[in-house]
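The next block is target.csv, given as CSV, C-alpha atoms.
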chain,number,residue,atom,x,y,z
V,24,MET,CA,0.8,-15.2,7.3
V,25,ALA,CA,1.0,-16.6,3.7
V,26,ASP,CA,4.0,-15.5,1.6
V,27,GLN,CA,2.0,-15.3,-1.6
V,28,THR,CA,-1.4,-13.7,-1.7
V,29,PHE,CA,-4.0,-12.7,-4.3
V,30,THR,CA,-5.2,-9.2,-4.0
V,31,GLN,CA,-8.1,-7.2,-5.3
V,32,ALA,CA,-5.7,-5.7,-7.8
V,33,ASP,CA,-5.2,-9.3,-9.3
V,34,ILE,CA,-9.0,-9.6,-9.7
V,35,ASP,CA,-9.2,-6.1,-11.2
V,36,ALA,CA,-6.5,-6.8,-13.7
V,37,ALA,CA,-8.2,-10.0,-14.8
V,38,THR,CA,-11.5,-8.1,-15.2
V,39,ALA,CA,-9.9,-5.4,-17.2
V,40,LYS,CA,-8.4,-7.9,-19.6
V,41,LEU,CA,-11.8,-9.5,-20.0
V,42,ASN,CA,-13.4,-6.1,-20.7
V,43,ASP,CA,-10.7,-5.4,-23.4
V,44,LYS,CA,-11.4,-8.7,-25.1
V,45,ILE,CA,-15.2,-8.1,-25.0
V,46,GLU,CA,-14.7,-4.6,-26.5
V,47,GLU,CA,-12.6,-6.1,-29.3
V,48,LEU,CA,-15.2,-8.7,-30.1
V,49,SER,CA,-18.0,-6.1,-29.9
V,50,ASN,CA,-16.2,-4.0,-32.5
V,51,LYS,CA,-15.8,-6.9,-34.8
V,52,TYR,CA,-19.5,-7.8,-34.2
V,53,ALA,CA,-20.5,-4.3,-35.2
V,54,GLY,CA,-18.4,-4.5,-38.4
V,55,ALA,CA,-20.0,-7.7,-39.3
V,56,ILE,CA,-23.5,-6.2,-38.8
V,57,ASP,CA,-22.5,-3.4,-41.2
V,58,ASP,CA,-21.4,-5.9,-43.8
V,59,LEU,CA,-24.7,-7.7,-43.5
V,60,LYS,CA,-26.7,-4.6,-43.9
V,61,LYS,CA,-24.7,-3.6,-46.9
V,62,ALA,CA,-25.3,-7.0,-48.5
V,63,GLN,CA,-29.0,-6.7,-47.7
V,64,ARG,CA,-29.2,-3.3,-49.4
V,65,GLU,CA,-27.5,-4.7,-52.4
V,66,ALA,CA,-29.9,-7.6,-52.5
V,67,ARG,CA,-32.9,-5.3,-52.5
V,68,ALA,CA,-31.5,-3.5,-55.5
V,69,ALA,CA,-31.1,-6.8,-57.3
V,70,LYS,CA,-33.6,-6.0,-60.0
V,71,ASP,CA,-31.3,-3.3,-61.3
V,72,ILE,CA,-28.2,-5.5,-61.4
V,73,LYS,CA,-27.0,-8.5,-63.3
V,74,PRO,CA,-27.8,-12.0,-62.0
V,75,GLU,CA,-24.1,-12.6,-61.3
V,76,ASP,CA,-23.9,-9.4,-59.3
V,77,LEU,CA,-26.9,-10.5,-57.3
V,78,ALA,CA,-25.4,-13.9,-56.6
V,79,ALA,CA,-22.2,-12.2,-55.4
V,80,ALA,CA,-24.2,-10.0,-53.0
V,81,GLU,CA,-26.1,-12.9,-51.6
V,82,ASP,CA,-22.8,-14.8,-51.1
V,83,ARG,CA,-21.4,-11.8,-49.2
V,84,ALA,CA,-24.6,-11.7,-47.0
V,85,ASP,CA,-24.2,-15.4,-46.2
V,86,LYS,CA,-20.5,-15.0,-45.3
V,87,ALA,CA,-21.3,-11.9,-43.1
V,88,GLU,CA,-24.0,-13.9,-41.2
V,89,ALA,CA,-21.7,-16.8,-40.7
V,90,ARG,CA,-19.0,-14.4,-39.4
V,91,ILE,CA,-21.5,-12.9,-36.9
V,92,LYS,CA,-22.3,-16.4,-35.5
V,93,GLU,CA,-18.6,-17.2,-35.2
V,94,LEU,CA,-18.0,-13.9,-33.3
V,95,GLU,CA,-20.9,-14.6,-31.0
V,96,LYS,CA,-19.5,-18.0,-30.2
V,97,SER,CA,-16.0,-16.6,-29.6
V,98,GLU,CA,-17.4,-14.0,-27.3
V,99,LYS,CA,-19.3,-16.6,-25.2
V,100,VAL,CA,-16.1,-18.7,-25.0
V,101,ALA,CA,-14.0,-15.7,-23.9
V,102,VAL,CA,-16.5,-14.7,-21.2
V,103,SER,CA,-16.8,-18.3,-19.9
V,104,ARG,CA,-13.0,-18.7,-19.7
V,105,ALA,CA,-12.7,-15.3,-17.9
V,106,GLU,CA,-15.4,-16.2,-15.4
V,107,LYS,CA,-13.7,-19.6,-14.7
V,108,ALA,CA,-10.3,-17.8,-14.2
V,109,GLU,CA,-11.9,-15.3,-11.8
V,110,LYS,CA,-13.6,-18.0,-9.8
V,111,ALA,CA,-10.3,-20.0,-9.6
V,112,LEU,CA,-8.5,-16.8,-8.4
V,113,GLU,CA,-11.1,-16.2,-5.8
V,114,GLY,CA,-10.8,-19.8,-4.6
V,115,GLU,CA,-7.1,-19.5,-4.3
V,116,GLN,CA,-7.5,-16.2,-2.5
V,117,GLY,CA,-10.0,-17.7,0.0
V,118,ALA,CA,-7.6,-20.7,0.7
V,119,ALA,CA,-4.7,-18.3,1.3
V,120,ARG,CA,-6.9,-16.2,3.7
V,121,THR,CA,-8.0,-19.3,5.6
V,122,TYR,CA,-4.4,-20.5,5.9
V,123,ALA,CA,-3.2,-17.1,7.2
V,124,LEU,CA,-6.0,-17.0,9.7
V,125,GLU,CA,-5.4,-20.5,11.1
V,126,ALA,CA,-1.7,-20.1,11.2
V,127,GLU,CA,-1.8,-16.8,13.1
V,128,ILE,CA,-4.3,-18.1,15.7
V,129,SER,CA,-2.3,-21.4,16.1
V,130,ASN,CA,0.9,-19.5,16.7
V,131,ALA,CA,-0.8,-17.2,19.2
V,132,ILE,CA,-2.3,-20.1,21.1
V,133,ALA,CA,1.1,-21.9,21.2
V,134,ALA,CA,2.7,-18.7,22.5
V,135,GLY,CA,0.0,-18.4,25.2
V,136,ASN,CA,0.8,-21.9,26.6
V,137,VAL,CA,-2.8,-23.1,26.4
V,138,VAL,CA,-3.5,-26.5,28.0
V,139,PRO,CA,-3.2,-29.0,25.1
V,140,ALA,CA,-6.5,-30.7,25.9
V,141,LEU,CA,-8.2,-27.3,25.8
V,142,VAL,CA,-6.7,-26.1,22.5
V,143,PRO,CA,-9.6,-27.2,20.3
V,144,ALA,CA,-12.2,-25.5,22.6
V,145,PHE,CA,-10.1,-22.4,22.9
V,146,LYS,CA,-9.4,-22.2,19.2
V,147,ALA,CA,-13.1,-22.6,18.4
V,148,LEU,CA,-13.9,-19.8,20.8
V,149,VAL,CA,-11.5,-17.2,19.4
V,150,THR,CA,-11.9,-18.1,15.7
V,151,GLN,CA,-15.6,-17.2,15.8
V,152,GLY,CA,-14.7,-13.5,15.7
V,153,ALA,CA,-11.5,-13.7,13.7
V,154,LYS,CA,-11.0,-12.3,10.1
V,155,ALA,CA,-8.1,-12.0,7.7
V,156,ASP,CA,-7.8,-8.9,5.4
V,157,VAL,CA,-5.1,-7.9,2.9
V,158,VAL,CA,-3.1,-4.9,4.1
V,159,ASP,CA,-0.1,-3.8,1.9
V,160,GLY,CA,-0.1,-7.2,0.1
V,161,LYS,CA,-0.1,-9.3,3.3
V,162,TYR,CA,-2.9,-10.9,5.2
V,163,VAL,CA,-3.5,-9.3,8.6
V,164,VAL,CA,-5.6,-11.4,11.1
V,165,THR,CA,-7.7,-9.5,13.6
V,166,ILE,CA,-10.2,-10.4,16.3
V,167,GLY,CA,-12.5,-7.5,17.1
V,168,ASP,CA,-10.4,-4.3,16.8
V,169,LYS,CA,-7.1,-5.9,17.7
V,170,PRO,CA,-4.5,-8.1,16.0
V,171,ALA,CA,-5.3,-11.7,16.7
V,172,SER,CA,-2.1,-12.3,18.7
V,173,ASP,CA,-2.8,-9.3,21.0
V,174,HIS,CA,-6.4,-10.3,21.5
V,175,ILE,CA,-5.5,-13.9,22.5
V,176,LYS,CA,-2.7,-12.7,24.8
V,177,ALA,CA,-5.1,-10.3,26.6
V,178,LEU,CA,-7.8,-13.0,26.8
V,179,LEU,CA,-5.5,-15.5,28.4
V,180,ALA,CA,-4.4,-12.9,30.9
V,181,SER,CA,-8.0,-12.1,31.9
V,182,ASP,CA,-10.2,-13.8,34.5
V,183,GLU,CA,-12.3,-15.1,31.7
V,184,GLY,CA,-9.4,-16.9,29.9
V,185,LYS,CA,-6.9,-17.8,32.6
V,186,HIS,CA,-8.5,-21.3,33.0
V,187,PHE,CA,-7.2,-22.1,29.6
V,188,VAL,CA,-3.5,-21.5,30.5
V,189,ALA,CA,-1.4,-24.4,31.5
V,190,ALA,CA,0.2,-24.3,35.0
V,191,PRO,CA,3.9,-23.6,35.1
V,192,ASN,CA,6.0,-26.8,35.4
V,193,ASN,CA,6.9,-27.6,39.0
V,194,THR,CA,10.1,-29.4,39.8
V,195,GLY,CA,9.3,-29.8,43.6
V,196,GLY,CA,6.5,-29.6,46.1
V,197,GLY,CA,5.1,-33.0,45.5
V,198,SER,CA,2.6,-34.3,43.0
V,199,GLY,CA,-0.4,-32.9,44.8
V,200,GLY,CA,0.2,-29.3,43.8
V,201,SER,CA,0.8,-30.2,40.2
V,202,GLY,CA,-2.4,-32.3,40.0
V,203,GLY,CA,-4.5,-29.5,41.6
V,204,ALA,CA,-3.2,-26.9,39.0
V,205,GLN,CA,-3.9,-29.2,36.2
V,206,ASN,CA,-7.5,-29.8,37.3
V,207,ALA,CA,-8.0,-26.0,37.8
V,208,ALA,CA,-6.7,-25.5,34.2
V,209,LYS,CA,-9.4,-27.8,32.9
V,210,THR,CA,-12.3,-25.6,34.1
V,211,MET,CA,-14.3,-23.3,31.8
V,212,LEU,CA,-16.9,-20.7,32.5
V,213,ARG,CA,-20.4,-21.7,31.4
V,214,SER,CA,-20.6,-18.6,29.2
V,215,GLN,CA,-17.5,-19.8,27.3
V,216,PHE,CA,-18.7,-23.4,27.1
V,217,ASP,CA,-22.1,-22.3,25.7
V,218,ALA,CA,-20.3,-20.3,23.0
V,219,LEU,CA,-18.5,-23.4,21.7
V,220,ASP,CA,-19.8,-25.6,18.9
V,221,GLN,CA,-20.8,-29.3,19.5
V,222,ALA,CA,-17.4,-30.7,18.5
V,223,ALA,CA,-15.5,-28.4,20.9
V,224,ARG,CA,-17.9,-29.1,23.7
V,225,ALA,CA,-17.4,-32.9,23.2
V,226,SER,CA,-13.6,-32.5,23.1
V,227,PHE,CA,-13.6,-30.5,26.4
V,228,ALA,CA,-15.9,-33.0,28.1
V,229,LYS,CA,-13.8,-36.0,26.9
V,230,GLU,CA,-10.7,-34.5,28.3
V,231,GLY,CA,-12.3,-34.2,31.8
V,232,GLY,CA,-13.1,-30.5,31.6
V,233,LYS,CA,-15.5,-29.0,34.2
V,234,VAL,CA,-17.9,-26.2,33.6
V,235,VAL,CA,-18.2,-23.6,36.3
V,236,ASP,CA,-20.7,-20.7,36.7
V,237,GLN,CA,-18.1,-18.1,37.8
V,238,ALA,CA,-14.3,-17.7,37.9
V,239,ALA,CA,-12.5,-19.1,40.9
Would you put the structure from the file into structure tokens?
Amino acid sequence: MADQTFTQADIDAATAKLNDKIEELSNKYAGAIDDLKKAQREARAAKDIKPEDLAAAEDRADKAEARIKELEKSEKVAVSRAEKAEKALEGEQGAARTYALEAEISNAIAAGNVVPALVPAFKALVTQGAKADVVDGKYVVTIGDKPASDHIKALLASDEGKHFVAAPNNTGGGSGGSGGAQNAAKTMLRSQFDALDQAARASFAKEGGKVVDQAA
């Protein structure tokens, strides 16, 4: 599992910060609108004021309009930056989730003593149903309704998965027994083989694997 993770709370905090910034800009925007309306009212009453007062009102209107444009631009920049930051955070979170999933499955496969030549095929088989979720700030990898390590251990102990397990090292009994065990370990049920992707099938065939219709 990864030591550092990014949780939904991280994304929520970034979103809340963005909302606060947008609210602040919206308040300033509303103030600028009020200034513009005031300037327009003053301009409509221009016939009752002195020319210099009218010029001052028009100047205030121009400044208010320019301020509105600046605020609109600032708001767009703030939103764009927040969206980029959120996407970056989601990308890092996705990478951490993938790392945790692959590490958990690789460790379970190593502990299960899978035949090295069959590791790619077996990994492709179990990864299809695996997922990693954040629980108490840590990524927990599951397959079906079990922790990944428990699922893989149970699968390797079953008739369906025993063909993936390497035979125990023999120090005696001649080479014939060892060779027979190794060949048996390189068999795979057709249902398992059909579930693999093209790369895993090719790897299995290249290593001399044999597809069987039922367990021996």
Determine the nearest neighbour of V:Gly135 from the options V:Ile45, V:Ala225, V:Ala37, V:Ala190, counting all atoms listed in the file.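 Going through V:Ile45, V:Ala225, V:Ala37, V:Ala190 one by one, the smallest distance to V:Gly135 is for V:Ala190.
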Go through V:Ala119, V:Leu48, V:Leu148, V:Ala153 one by one, measure the shortest atom-to-atom distance of each to V:Lys92 using only C-alpha atoms, and give the residue with the smallest value.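 Of the candidates, the smallest distance to V:Lys92 is held by V:Leu48.
Distance annotation: of V:Ala79, V:Ala105, V:Ile91, V:Val100, the residue with the minimal separation from V:Lys40 is V:Ala105; atom set is all atoms listed in the file.
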Between atom CA of V:Ala189 and atom CA of V:Lys229, what is the distance in Å, rounded to a tenth?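 Spanning atom CA of V:Ala189 to atom CA of V:Lys229 is a straight-line distance of 17.6 Å.
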Report, in Å with one decimal, the straight-line distance from atom CA of V:Arg104 to atom CA of V:Asp159.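 We find that atom CA of V:Arg104 and atom CA of V:Asp159 lie 29.2 Å from each other.
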So how many Å separate atom CA of V:Pro143 and atom CA of V:Val157, to one decimal?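 Interatomic distance here is 26.4 Å.
For the residues V:Ala101, V:Ile128, V:Ala53, V:Ala111, ranking by smallest atom-to-atom distance to V:Glu88 using only C-alpha atoms places V:Ala53 first.
Remark: for V:Gly231, the closest of the candidate residues V:Ala140, V:Asp173, V:His186, V:Glu46 is V:Ala140 (distances computed over all atoms listed in the file).
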